[in-house]
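Data first, discussion second: the structure below is written as structure tokens.
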Amino acid sequence: MKKINHTCDLKSCFLCKRCLPEWLPAVDANRKTFYYKKGELIFREGEEVKGIYFVYSGKVKVHKKWGEEKELIIRFAQKGDILGHRGLGHHVVQYPISATAIEPVQVCYIDLDFFQSTLKINYEFIYQLLLFFADELQDSERKMRNLAHMQVKGRIAQALVALRDKFGTTAGGLIDVSLSRQDLASFAGTTYETVFRIINEFTEEQMIRTEGKNIAILNADKLLELTKETEP
């Protein structure tokens with residue numbers, strides 16, 4: 001991590017788009033901008049909560065320990081998204097999750113005291129943050145239900161569709177994020193070996209095509225059909 005000159009335009013992030021225009025000078029005075037290399041931790045699960053992060057550029061995985069040596073990727077974030085909000089609450093003093101750059105990332109950082117002052121003044125921001133929390137809670141509940149009931153093929157298919165919906169596609173039709181097979185396994189809640197085998201099956205069945213780490217969806221309908229199948 002290194003601190004860099006401000007590059008944020010005060011228009012793009014989750015906070016700046018939703019706070020009062022009169023509050024933007026205060027945001028400008030209190031923000032810090034940091035750069036993280038690919039693979040670098042932005043914050044670690046268990047660290048003291050000191051502030052909130054807003055992604056200005058790049059992509060981030062938000063993940064949690066799952067057993068001794070495994071991790072479960074909760075979600076991904078990109079330009080405009082918020083990070084660290086899961087550390088908010090009356091009794092939460094540590095981040096319950098980690099965030100890691102999966103490509104070079106720039107973030108705006110707001111310390112906790114200023115963020116709390118922002119909440120007390122910017123009602124539209126509070127409302128939008130509440131909706132975001134509600135959507136994220138529903139997604140987390142759906143993910144936990146799928147881990148318990150959905151067959152692994154369906155979870156991998158759903159992970160691919162979710163990545164396409166989150167990041168869009170390139171001009172060549174590839175999902176616009178480069179993920180290792182291990183990260184894809186952590187997002188789908190399975191193992192590297194299982195992902196490797198099923199990705200090969202999907203390729204043979206012409207549901208997807210691969211170019212290195214990148215994947216293009218060729219038959220979304222067939223993938224979505226797999227997400228409807230549950231364990232008996």
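Every chain in the structure tokens has a letter given in the order shown (A, B, ...), and although residue numbers restart at 1 in each chain, ligands are simply numbered from 1 in the order shown.
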
To test your reading of the structure, identify every residue in region 56-223 of chain A that backbone DSSP assigns to strand (DSSP E or B), and report it as a ChimeraX atom specification.
/A:56-57,60-66,70-77,82-83,94,98-101,105-111,150,169,174-175,208-211,214-217

Can you pull out every residue within 12 Å of Thr100 (chain A), counting only C-alpha atoms, but drop anything in the same chain fewer than 4 positions away, and send it as a PyMOL selection string?
chain A and resi 1+35-45+55+58-64+73-78+83-84+104-107+183

Filtering to N, CA and C atoms, could you give me those residues as an mmCIF file, in the first residue's frame?
```
data_model
loop_
_atom_site.group_PDB
_atom_site.id
_atom_site.type_symbol
_atom_site.label_atom_id
_atom_site.label_comp_id
_atom_site.auth_asym_id
_atom_site.auth_seq_id
_atom_site.Cartn_x
_atom_site.Cartn_y
_atom_site.Cartn_z
ATOM 1 N N MET A 1 0.840 -1.196 0.000
ATOM 2 C CA MET A 1 0.000 0.000 0.000
ATOM 3 C C MET A 1 0.873 1.244 0.000
ATOM 4 N N TYR A 35 -3.057 3.360 -2.915
ATOM 5 C CA TYR A 35 -2.883 2.446 -4.046
ATOM 6 C C TYR A 35 -2.440 1.084 -3.516
ATOM 7 N N TYR A 36 -3.063 0.019 -4.032
ATOM 8 C CA TYR A 36 -2.721 -1.344 -3.641
ATOM 9 C C TYR A 36 -2.352 -2.154 -4.881
ATOM 10 N N LYS A 37 -1.294 -2.919 -4.770
ATOM 11 C CA LYS A 37 -0.898 -3.806 -5.861
ATOM 12 C C LYS A 37 -1.790 -5.045 -5.882
ATOM 13 N N LYS A 38 -1.824 -5.736 -7.017
ATOM 14 C CA LYS A 38 -2.555 -6.997 -7.123
ATOM 15 C C LYS A 38 -2.079 -7.957 -6.042
ATOM 16 N N GLY A 39 -3.041 -8.543 -5.316
ATOM 17 C CA GLY A 39 -2.720 -9.494 -4.264
ATOM 18 C C GLY A 39 -2.504 -8.875 -2.903
ATOM 19 N N GLU A 40 -2.502 -7.549 -2.812
ATOM 20 C CA GLU A 40 -2.233 -6.871 -1.550
ATOM 21 C C GLU A 40 -3.511 -6.739 -0.730
ATOM 22 N N LEU A 41 -3.389 -6.978 0.579
ATOM 23 C CA LEU A 41 -4.518 -6.831 1.488
ATOM 24 C C LEU A 41 -4.832 -5.356 1.711
ATOM 25 N N ILE A 42 -6.117 -5.013 1.633
ATOM 26 C CA ILE A 42 -6.560 -3.660 1.967
ATOM 27 C C ILE A 42 -6.847 -3.587 3.467
ATOM 28 N N PHE A 43 -7.536 -4.566 3.984
ATOM 29 C CA PHE A 43 -7.655 -4.764 5.436
ATOM 30 C C PHE A 43 -7.870 -6.253 5.691
ATOM 31 N N ARG A 44 -7.556 -6.678 6.909
ATOM 32 C CA ARG A 44 -7.574 -8.097 7.259
ATOM 33 C C ARG A 44 -8.655 -8.383 8.299
ATOM 34 N N GLU A 45 -9.299 -9.511 8.146
ATOM 35 C CA GLU A 45 -10.272 -9.992 9.132
ATOM 36 C C GLU A 45 -9.627 -10.003 10.513
ATOM 37 N N VAL A 55 -13.963 2.267 -3.479
ATOM 38 C CA VAL A 55 -13.105 1.885 -4.606
ATOM 39 C C VAL A 55 -13.213 2.928 -5.716
ATOM 40 N N GLY A 58 -10.103 -0.359 -10.181
ATOM 41 C CA GLY A 58 -9.655 -1.713 -9.905
ATOM 42 C C GLY A 58 -10.752 -2.582 -9.323
ATOM 43 N N LYS A 59 -10.376 -3.828 -8.993
ATOM 44 C CA LYS A 59 -11.338 -4.816 -8.492
ATOM 45 C C LYS A 59 -10.801 -5.463 -7.218
ATOM 46 N N VAL A 60 -11.727 -5.789 -6.329
ATOM 47 C CA VAL A 60 -11.388 -6.283 -4.989
ATOM 48 C C VAL A 60 -12.247 -7.500 -4.668
ATOM 49 N N LYS A 61 -11.651 -8.485 -3.994
ATOM 50 C CA LYS A 61 -12.452 -9.583 -3.446
ATOM 51 C C LYS A 61 -12.617 -9.372 -1.941
ATOM 52 N N VAL A 62 -13.830 -9.614 -1.466
ATOM 53 C CA VAL A 62 -14.148 -9.527 -0.041
ATOM 54 C C VAL A 62 -14.331 -10.963 0.440
ATOM 55 N N HIS A 63 -13.528 -11.396 1.404
ATOM 56 C CA HIS A 63 -13.495 -12.810 1.749
ATOM 57 C C HIS A 63 -13.398 -13.029 3.249
ATOM 58 N N LYS A 64 -13.731 -14.255 3.651
ATOM 59 C CA LYS A 64 -13.771 -14.622 5.062
ATOM 60 C C LYS A 64 -13.132 -15.992 5.245
ATOM 61 N N ILE A 73 -15.223 -16.425 -0.599
ATOM 62 C CA ILE A 73 -15.370 -15.068 -1.124
ATOM 63 C C ILE A 73 -16.832 -14.658 -0.999
ATOM 64 N N ILE A 74 -17.062 -13.597 -0.263
ATOM 65 C CA ILE A 74 -18.423 -13.116 0.013
ATOM 66 C C ILE A 74 -18.978 -12.349 -1.182
ATOM 67 N N ARG A 75 -18.152 -11.477 -1.727
ATOM 68 C CA ARG A 75 -18.577 -10.668 -2.869
ATOM 69 C C ARG A 75 -17.346 -10.055 -3.514
ATOM 70 N N PHE A 76 -17.574 -9.374 -4.628
ATOM 71 C CA PHE A 76 -16.517 -8.613 -5.292
ATOM 72 C C PHE A 76 -16.921 -7.142 -5.329
ATOM 73 N N ALA A 77 -15.938 -6.271 -5.388
ATOM 74 C CA ALA A 77 -16.191 -4.833 -5.464
ATOM 75 C C ALA A 77 -15.374 -4.246 -6.604
ATOM 76 N N GLN A 78 -15.898 -3.170 -7.181
ATOM 77 C CA GLN A 78 -15.202 -2.465 -8.253
ATOM 78 C C GLN A 78 -15.463 -0.970 -8.092
ATOM 79 N N LEU A 83 -16.292 -0.526 0.852
ATOM 80 C CA LEU A 83 -15.629 -1.626 1.547
ATOM 81 C C LEU A 83 -15.476 -1.276 3.024
ATOM 82 N N GLY A 84 -15.559 -2.273 3.882
ATOM 83 C CA GLY A 84 -15.318 -2.061 5.303
ATOM 84 C C GLY A 84 -16.558 -1.770 6.106
ATOM 85 N N PRO A 104 -4.526 -4.089 -9.703
ATOM 86 C CA PRO A 104 -4.162 -2.815 -9.084
ATOM 87 C C PRO A 104 -5.399 -1.985 -8.746
ATOM 88 N N VAL A 105 -5.430 -1.446 -7.525
ATOM 89 C CA VAL A 105 -6.626 -0.788 -6.992
ATOM 90 C C VAL A 105 -6.262 0.556 -6.372
ATOM 91 N N GLN A 106 -7.120 1.546 -6.606
ATOM 92 C CA GLN A 106 -7.053 2.811 -5.881
ATOM 93 C C GLN A 106 -8.327 2.954 -5.058
ATOM 94 N N VAL A 107 -8.166 3.357 -3.800
ATOM 95 C CA VAL A 107 -9.322 3.556 -2.931
ATOM 96 C C VAL A 107 -9.245 4.924 -2.263
ATOM 97 N N ASP A 183 -9.769 -18.730 -6.783
ATOM 98 C CA ASP A 183 -10.725 -17.696 -6.389
ATOM 99 C C ASP A 183 -12.141 -18.055 -6.833
#
```

Filtered DSSP result for region 14-197 of chain A, state alpha helix (DSSP H), as a VMD selection string:
chain A and resid 24 to 30 112 to 121 123 to 149 152 to 167 181 to 188 192 to 197

Determine, counting only C-alpha atoms, which protein, DNA and RNA residues have an atom within 12 Å of an atom of Gln158 (chain A); residues of the same chain fewer than 3 positions away are not included. Present the result as a VMD selection string.
chain A and resid 142 to 143 146 to 147 150 to 155 161 to 165 184 to 185 187 to 189 217 220 to 229

Which residue gives the smallest distance to Cys13 (chain A) among A:Phe54, A:Trp66, A:Phe167, A:Tyr127, with only C-alpha atoms counted?
A:Phe54

Which residues are close to Cys108 (chain A), i.e. within 12 Å by only C-alpha atoms, leaving aside same-chain residues fewer than 5 positions away? Reply as a ChimeraX atom specification.
/A:3-10,12-16,27-36,42,51-57,79-84

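CA of Ile175 (chain A) lies 14.3 Å from CA of Ile199 (chain A).
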
Using only C-alpha atoms, which residues sit within 10 Å of Tyr95 (chain A) once same-chain residues fewer than 4 positions away are excluded, as a PyMOL selection string?
chain A and resi 43-50+84-88+99

Those selected residues, please, written with all heavy atoms and delivered as a compact mmCIF listing (two decimals), in the first residue's frame.
```
# COMPACT_ATOMS: atom_id res chain seq x y z
N PHE A 43 -7.54 -4.57 3.98
CA PHE A 43 -7.66 -4.76 5.44
C PHE A 43 -7.87 -6.25 5.69
O PHE A 43 -8.31 -6.99 4.82
CB PHE A 43 -8.76 -3.92 6.07
CG PHE A 43 -10.12 -4.09 5.45
CD1 PHE A 43 -10.97 -5.13 5.83
CD2 PHE A 43 -10.58 -3.20 4.49
CE1 PHE A 43 -12.21 -5.29 5.27
CE2 PHE A 43 -11.83 -3.34 3.92
CZ PHE A 43 -12.66 -4.40 4.31
N ARG A 44 -7.56 -6.68 6.91
CA ARG A 44 -7.57 -8.10 7.26
C ARG A 44 -8.66 -8.38 8.30
O ARG A 44 -8.89 -7.57 9.21
CB ARG A 44 -6.21 -8.51 7.80
CG ARG A 44 -6.07 -10.02 8.07
CD ARG A 44 -4.77 -10.29 8.81
NE ARG A 44 -3.60 -9.80 8.09
CZ ARG A 44 -2.95 -10.52 7.17
NH1 ARG A 44 -3.37 -11.74 6.86
NH2 ARG A 44 -1.90 -10.01 6.55
N GLU A 45 -9.30 -9.51 8.15
CA GLU A 45 -10.27 -9.99 9.13
C GLU A 45 -9.63 -10.00 10.51
O GLU A 45 -8.54 -10.53 10.71
CB GLU A 45 -10.72 -11.40 8.74
CG GLU A 45 -11.77 -12.01 9.63
CD GLU A 45 -12.22 -13.38 9.14
OE1 GLU A 45 -11.85 -13.77 8.00
OE2 GLU A 45 -12.94 -14.07 9.89
N GLY A 46 -10.31 -9.38 11.49
CA GLY A 46 -9.79 -9.32 12.85
C GLY A 46 -9.06 -8.04 13.19
O GLY A 46 -8.83 -7.75 14.37
N GLU A 47 -8.72 -7.22 12.17
CA GLU A 47 -8.07 -5.94 12.44
C GLU A 47 -9.08 -4.94 13.01
O GLU A 47 -10.28 -5.01 12.71
CB GLU A 47 -7.47 -5.36 11.16
CG GLU A 47 -6.20 -6.04 10.69
CD GLU A 47 -5.63 -5.40 9.45
OE1 GLU A 47 -6.31 -4.58 8.81
OE2 GLU A 47 -4.48 -5.74 9.12
N GLU A 48 -8.58 -4.00 13.78
CA GLU A 48 -9.43 -2.96 14.35
C GLU A 48 -10.03 -2.10 13.23
O GLU A 48 -9.34 -1.73 12.28
CB GLU A 48 -8.61 -2.07 15.28
CG GLU A 48 -9.40 -0.95 15.93
CD GLU A 48 -8.54 -0.03 16.77
OE1 GLU A 48 -7.32 -0.31 16.89
OE2 GLU A 48 -9.07 0.97 17.30
N VAL A 49 -11.32 -1.79 13.36
CA VAL A 49 -11.99 -0.94 12.38
C VAL A 49 -11.59 0.50 12.63
O VAL A 49 -11.87 1.06 13.69
CB VAL A 49 -13.53 -1.08 12.48
CG1 VAL A 49 -14.20 -0.14 11.49
CG2 VAL A 49 -13.96 -2.51 12.22
N LYS A 50 -10.93 1.10 11.63
CA LYS A 50 -10.51 2.49 11.77
C LYS A 50 -11.13 3.39 10.71
O LYS A 50 -11.08 4.61 10.83
CB LYS A 50 -8.99 2.59 11.70
CG LYS A 50 -8.28 1.91 12.86
CD LYS A 50 -6.78 2.09 12.78
CE LYS A 50 -6.09 1.47 13.97
NZ LYS A 50 -4.60 1.62 13.91
N GLY A 84 -15.56 -2.27 3.88
CA GLY A 84 -15.32 -2.06 5.30
C GLY A 84 -16.56 -1.77 6.11
O GLY A 84 -16.50 -1.69 7.34
N HIS A 85 -17.71 -1.63 5.44
CA HIS A 85 -18.95 -1.29 6.13
C HIS A 85 -19.43 -2.42 7.05
O HIS A 85 -20.20 -2.17 7.97
CB HIS A 85 -20.05 -0.97 5.12
CG HIS A 85 -20.29 -2.07 4.14
ND1 HIS A 85 -19.42 -2.34 3.11
CD2 HIS A 85 -21.28 -3.00 4.07
CE1 HIS A 85 -19.88 -3.38 2.43
NE2 HIS A 85 -20.99 -3.80 2.99
N ARG A 86 -18.98 -3.66 6.81
CA ARG A 86 -19.37 -4.77 7.68
C ARG A 86 -18.75 -4.62 9.07
O ARG A 86 -19.12 -5.36 9.98
CB ARG A 86 -18.96 -6.11 7.06
CG ARG A 86 -19.84 -6.53 5.89
CD ARG A 86 -19.32 -7.78 5.22
NE ARG A 86 -20.21 -8.26 4.17
CZ ARG A 86 -20.99 -9.33 4.28
NH1 ARG A 86 -21.00 -10.02 5.39
NH2 ARG A 86 -21.77 -9.70 3.29
N GLY A 87 -17.83 -3.70 9.23
CA GLY A 87 -17.26 -3.45 10.54
C GLY A 87 -18.03 -2.43 11.34
O GLY A 87 -17.66 -2.11 12.47
N LEU A 88 -19.14 -1.90 10.79
CA LEU A 88 -19.95 -0.93 11.52
C LEU A 88 -20.85 -1.63 12.52
O LEU A 88 -21.23 -2.78 12.33
CB LEU A 88 -20.81 -0.13 10.54
CG LEU A 88 -20.08 0.73 9.51
CD1 LEU A 88 -21.07 1.33 8.52
CD2 LEU A 88 -19.29 1.84 10.20
N ALA A 99 -10.37 -7.81 2.75
CA ALA A 99 -10.50 -7.31 1.38
C ALA A 99 -9.12 -7.32 0.74
O ALA A 99 -8.15 -6.84 1.33
CB ALA A 99 -11.08 -5.90 1.36
```

For the interface of region 108-207 of chain A with region 20-23 of chain A (cut-off 12 Å, counting only C-alpha atoms), please tabulate each contacting residue of region 108-207 of chain A alongside its nearest pair of atoms and their separation in Å to one decimal, rows sorted by chain and increasing number, as a Markdown table.
```
| residue | atom | partner | partner_atom | distance |
| --- | --- | --- | --- | --- |
| A:Phe114 | CA | A:Trp23 | CA | 11.4 |
| A:Phe115 | CA | A:Trp23 | CA | 11.7 |
| A:Ser117 | CA | A:Trp23 | CA | 10.6 |
| A:Thr118 | CA | A:Trp23 | CA | 8.2 |
| A:Leu119 | CA | A:Leu20 | CA | 11.1 |
| A:Lys120 | CA | A:Trp23 | CA | 11.7 |
| A:Ile121 | CA | A:Leu20 | CA | 8.5 |
| A:Asn122 | CA | A:Leu20 | CA | 6.2 |
| A:Tyr123 | CA | A:Leu20 | CA | 8.7 |
| A:Glu124 | CA | A:Leu20 | CA | 8.1 |
| A:Phe125 | CA | A:Leu20 | CA | 8.4 |
| A:Ile126 | CA | A:Leu20 | CA | 11.4 |
```

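Taking only C-alpha atoms into account, Leu160 (chain A) lies nearest to A:Ile208 out of the set A:Leu129, A:Ile208, A:Val93, A:Leu112.
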